[in-house]
>>> print(open('entry-v1.tsv').read())   # TSV, C-alpha atoms
chain	number	residue	atom	x	y	z
A	65	MET	CA	0.00	0.00	0.00
A	66	PRO	CA	1.47	3.40	-0.96
A	67	VAL	CA	2.45	5.74	1.83
A	68	LYS	CA	1.61	9.44	1.66
A	69	LEU	CA	4.76	11.54	1.90
A	70	ARG	CA	4.71	14.59	4.15
A	71	LYS	CA	6.02	18.02	3.20
A	72	HIS	CA	9.45	18.57	4.71
A	73	GLY	CA	10.58	22.06	3.72
A	74	TYR	CA	12.60	23.32	0.77
A	75	TYR	CA	16.16	23.68	-0.39
A	76	LYS	CA	17.65	26.40	-2.59
A	77	ARG	CA	18.97	25.62	-6.04
A	78	PHE	CA	20.52	28.02	-8.52
A	79	PHE	CA	18.97	27.84	-11.97
A	80	ILE	CA	19.88	29.47	-15.30
A	81	SER	CA	17.66	29.66	-18.37
A	82	LYS	CA	17.06	32.04	-21.23
A	83	SER	CA	14.15	33.67	-19.41
A	84	PHE	CA	15.18	33.34	-15.74
A	85	SER	CA	18.34	33.19	-13.68
A	86	GLY	CA	18.18	32.91	-9.94
A	87	ILE	CA	17.31	30.75	-6.99
A	88	LEU	CA	14.52	28.17	-7.08
A	89	TYR	CA	13.06	26.61	-3.98
A	90	VAL	CA	12.71	22.87	-4.43
A	91	ARG	CA	10.10	21.05	-2.29
A	92	ARG	CA	11.28	18.20	-0.06
A	93	PHE	CA	9.13	15.38	1.25
A	94	ILE	CA	9.76	12.88	4.04
A	95	CYS	CA	8.55	9.31	4.33
A	96	PRO	CA	6.76	8.87	7.69
A	97	ILE	CA	7.74	5.17	7.78
A	98	CYS	CA	11.48	5.13	7.03
A	99	GLY	CA	12.39	8.81	7.46
A	100	ARG	CA	14.05	9.19	4.03
A	101	THR	CA	13.66	12.50	2.25
A	102	VAL	CA	12.84	12.98	-1.42
A	103	SER	CA	13.12	16.17	-3.46
A	104	MET	CA	10.69	16.98	-6.26
A	105	LEU	CA	12.81	18.65	-8.93
A	106	PRO	CA	10.76	20.48	-11.59
A	107	VAL	CA	10.74	18.90	-15.06
A	108	PHE	CA	12.65	21.84	-16.58
A	109	CYS	CA	15.64	21.21	-14.27
A	110	LEU	CA	18.30	18.55	-14.69
A	111	GLN	CA	19.77	16.97	-11.60
A	112	TYR	CA	23.29	18.35	-10.94
A	113	PHE	CA	23.06	20.93	-13.78
A	114	GLN	CA	22.44	24.68	-13.42
A	115	TYR	CA	21.29	25.30	-16.98
A	116	SER	CA	17.76	24.50	-18.15
A	117	ALA	CA	17.33	21.14	-19.91
A	118	LEU	CA	15.57	22.87	-22.80
A	119	ASP	CA	18.33	25.43	-23.18
A	120	ILE	CA	20.98	22.70	-23.17
A	121	LEU	CA	19.10	20.86	-25.91
A	122	ASN	CA	18.63	24.08	-27.92
A	123	ILE	CA	22.31	24.97	-27.63
A	124	LEU	CA	23.35	21.48	-28.74
A	125	CYS	CA	20.85	21.58	-31.62
A	126	GLU	CA	22.32	24.85	-32.80
A	127	LEU	CA	25.84	23.44	-32.51
A	128	TYR	CA	25.19	20.19	-34.39
A	129	LEU	CA	22.34	20.96	-36.77
A	130	SER	CA	23.40	24.41	-37.95
A	131	GLY	CA	27.09	23.47	-38.21
A	132	ILE	CA	28.21	26.65	-36.47
A	133	PRO	CA	31.71	26.39	-34.90
A	134	LEU	CA	31.76	26.17	-31.10
A	135	ASN	CA	33.63	29.46	-30.57
A	136	ARG	CA	31.19	31.37	-32.76
A	137	LEU	CA	28.23	29.73	-31.00
A	138	VAL	CA	29.57	30.81	-27.59
A	139	LYS	CA	29.85	34.42	-28.79
A	140	LYS	CA	26.34	34.24	-30.24
A	141	ILE	CA	24.64	32.95	-27.08
A	142	LYS	CA	26.58	35.16	-24.63
A	143	GLN	CA	23.77	37.74	-24.76
A	144	ASP	CA	21.28	35.16	-23.39
A	145	PHE	CA	23.79	33.30	-21.18
A	146	PRO	CA	26.51	35.79	-20.20
A	147	PHE	CA	28.41	33.31	-18.00
A	148	ILE	CA	28.43	30.29	-20.30
A	149	GLU	CA	31.85	29.16	-21.43
A	150	ARG	CA	33.12	27.05	-24.29
A	151	GLY	CA	34.06	24.31	-21.83
A	152	THR	CA	30.49	24.06	-20.52
A	153	ILE	CA	29.06	23.42	-23.98
A	154	ASP	CA	31.91	21.03	-24.77
A	155	TYR	CA	31.12	19.16	-21.53
A	156	TYR	CA	27.46	18.74	-22.60
A	157	ARG	CA	28.58	17.56	-26.05
A	158	LYS	CA	30.93	14.95	-24.57
A	159	ARG	CA	28.37	13.82	-21.98
A	160	ILE	CA	25.80	13.00	-24.69
A	161	ILE	CA	28.39	10.88	-26.50
A	162	LEU	CA	29.33	9.12	-23.23
A	163	ASN	CA	25.63	8.46	-22.52
A	164	ARG	CA	24.90	7.20	-26.00
A	165	LYS	CA	23.90	3.69	-24.84
A	166	LEU	CA	21.58	5.00	-22.12
A	167	ILE	CA	20.01	7.55	-24.48
A	168	GLN	CA	19.53	4.98	-27.24
A	169	TYR	CA	17.99	2.57	-24.73
A	170	GLY	CA	15.54	5.27	-23.62
A	171	LEU	CA	14.67	6.20	-27.21
A	172	ASN	CA	14.06	2.53	-28.08
A	173	LEU	CA	11.62	2.26	-25.17
A	174	ILE	CA	9.89	5.55	-26.04
A	175	SER	CA	9.16	4.30	-29.56
A	176	PRO	CA	10.37	1.34	-31.67
A	177	GLU	CA	10.76	3.68	-34.67
A	178	PHE	CA	13.96	5.00	-33.05
A	179	ILE	CA	15.71	1.62	-33.17
A	180	PHE	CA	18.59	1.87	-35.63
A	181	ALA	CA	18.72	-0.90	-38.21
A	182	GLY	CA	21.85	-1.68	-40.15
A	183	ALA	CA	25.22	-0.07	-39.57
A	184	ILE	CA	25.80	1.78	-36.31
A	185	PRO	CA	26.41	5.48	-37.07
A	186	GLU	CA	29.49	7.34	-35.90
A	187	ASN	CA	29.14	9.42	-32.72
A	188	GLN	CA	28.71	12.78	-34.47
A	189	ASP	CA	26.11	11.42	-36.88
A	190	TRP	CA	24.31	9.68	-34.02
A	191	VAL	CA	24.17	12.92	-31.97
A	192	LYS	CA	22.68	14.78	-34.96
A	193	THR	CA	20.07	12.05	-35.40
A	194	PHE	CA	19.30	12.09	-31.67
A	195	LEU	CA	18.78	15.87	-31.67
A	196	GLU	CA	16.54	15.66	-34.74
A	197	ILE	CA	14.45	13.01	-32.95
A	198	VAL	CA	14.18	15.21	-29.85
A	199	LEU	CA	13.02	18.16	-31.96
A	200	ARG	CA	10.44	15.93	-33.68
A	201	LEU	CA	9.15	14.60	-30.35
A	202	HIS	CA	9.28	18.06	-28.79
A	203	PRO	CA	11.93	18.54	-26.08
A	204	HIS	CA	9.42	18.62	-23.17
A	205	VAL	CA	7.91	15.31	-24.24
A	206	PHE	CA	11.35	13.74	-24.63
A	207	LEU	CA	12.54	14.96	-21.22
A	208	CYS	CA	9.42	13.67	-19.42
A	209	ASP	CA	9.26	10.34	-21.27
A	210	PHE	CA	12.98	9.67	-20.90
A	211	SER	CA	12.92	10.44	-17.18
A	212	ASN	CA	9.79	8.33	-16.59
A	213	ILE	CA	11.18	5.35	-18.51
A	214	THR	CA	14.81	5.32	-17.34
A	215	GLY	CA	14.57	7.13	-14.00
A	216	LYS	CA	17.45	9.37	-15.13
A	217	SER	CA	18.10	12.46	-17.18
A	218	PHE	CA	19.77	12.15	-20.57
A	219	LEU	CA	22.90	13.87	-19.17
A	220	THR	CA	23.14	11.78	-15.99
A	221	SER	CA	26.57	10.30	-15.36
A	222	GLN	CA	26.71	6.62	-16.31
A	223	PHE	CA	28.29	5.91	-12.93
A	224	MET	CA	25.36	7.33	-11.01
A	225	ILE	CA	22.72	4.99	-9.67
A	226	ALA	CA	19.15	6.29	-9.81
>>> encode(input="entry-v1.tsv", output="C-alpha cells")
Amino acid sequence: MPVKLRKHGYYKRFFISKSFSGILYVRRFICPICGRTVSMLPVFCLQYFQYSALDILNILCELYLSGIPLNRLVKKIKQDFPFIERGTIDYYRKRIILNRKLIQYGLNLISPEFIFAGAIPENQDWVKTFLEIVLRLHPHVFLCDFSNITGKSFLTSQFMIA
C-alpha cells in the first residue's frame, strides 16, 4: 500500500535559463515510515546541472544541426547566457556521446521507430540524429518520457545509480 509523503521544507537551487536566472526553492518530502527525504525537482531542471534542460538541448541543436563552430556559438549565445563558457558546452557535447547507450535505450523504449537498423552510425552522426528526434518529439515530451522510462536524465553520469 502506498504511503503518503509529508512536506518537509525546501532547499535552494541556482537555476539558469534564457528567461530566468536565480534561486529556485525545491520542495522536499519525508517518508513517515522510514524517514528518508525525497526532493521533487521540476521537469525543466536537470539533476546536478544549473542550466535549463531545454536550453541545453537548444544549444546542442544549434551546434550540431546548424554546423556553427563552437567558438562562434559561444559568442552568439553570450547575450542570453553571459556566464556560459566554451568548456560548458563542450562538456554537454561529450556527456551525450558518453551516454549514448543509455540515451539509445531510452529512445528505443519511447518508440520502436527509433531503433537503428543496419550499420551503427558514428558518434557525431548519431548525436545529430538524436537531436533531430528530440526536436520531432518536442523537447518537453522527450525529457518527461525519458525520465519516466529510465529514471534518469539524458545527461546523468553513467556511474550514477538512480
>>> atom_distance(input="entry-v1.tsv", atom1="CA of Phe194 (chain A)", atom2="CA of Arg77 (chain A)")
29.0 Å
>>> closest_residue(input="entry-v1.tsv", among="A:Ile167, A:Gln114, A:Lys139, A:Val102", to="Leu195 (chain A)", atoms="all atoms listed in the file")
A:Ile167
>>> residues_around(input="entry-v1.tsv", residues="Leu129 (chain A)", least_positions_apart="2", cutoff="9 Å", atoms="all atoms listed in the file", output="JSON, numbers by chain")
{"A": [124, 125, 126, 127, 131, 132, 192, 195, 196]}
>>> closest_residue(input="entry-v1.tsv", among="A:Val191, A:Leu121, A:Ala183, A:Ile174", to="Ile153 (chain A)", atoms="all atoms listed in the file")
A:Leu121
>>> atom_distance(input="entry-v1.tsv", atom1="CA of Phe78 (chain A)", atom2="CA of Ser116 (chain A)")
10.6 Å
>>> atom_distance(input="entry-v1.tsv", atom1="CA of Asp209 (chain A)", atom2="CA of Leu173 (chain A)")
9.3 Å
>>> closest_residue(input="entry-v1.tsv", among="A:Gln143, A:Asn122, A:Ser83, A:Ser130", to="Tyr156 (chain A)", atoms="all atoms listed in the file")
A:Asn122
>>> closest_residue(input="entry-v1.tsv", among="A:Ser221, A:Asn212, A:Ile184, A:Leu199", to="Tyr155 (chain A)", atoms="all atoms listed in the file")
A:Ser221
>>> residues_around(input="entry-v1.tsv", residues="Arg159 (chain A)", least_positions_apart="6", cutoff="9 Å", atoms="all atoms listed in the file", output="PDB file with C-alpha atoms, keeping the file's coordinate frame")
ATOM      1  CA  PHE A 218      19.770  12.150 -20.570  1.00  0.00           C
ATOM      2  CA  LEU A 219      22.900  13.870 -19.170  1.00  0.00           C
ATOM      3  CA  THR A 220      23.140  11.780 -15.990  1.00  0.00           C
ATOM      4  CA  SER A 221      26.570  10.300 -15.360  1.00  0.00           C
TER       5      SER A 221
END
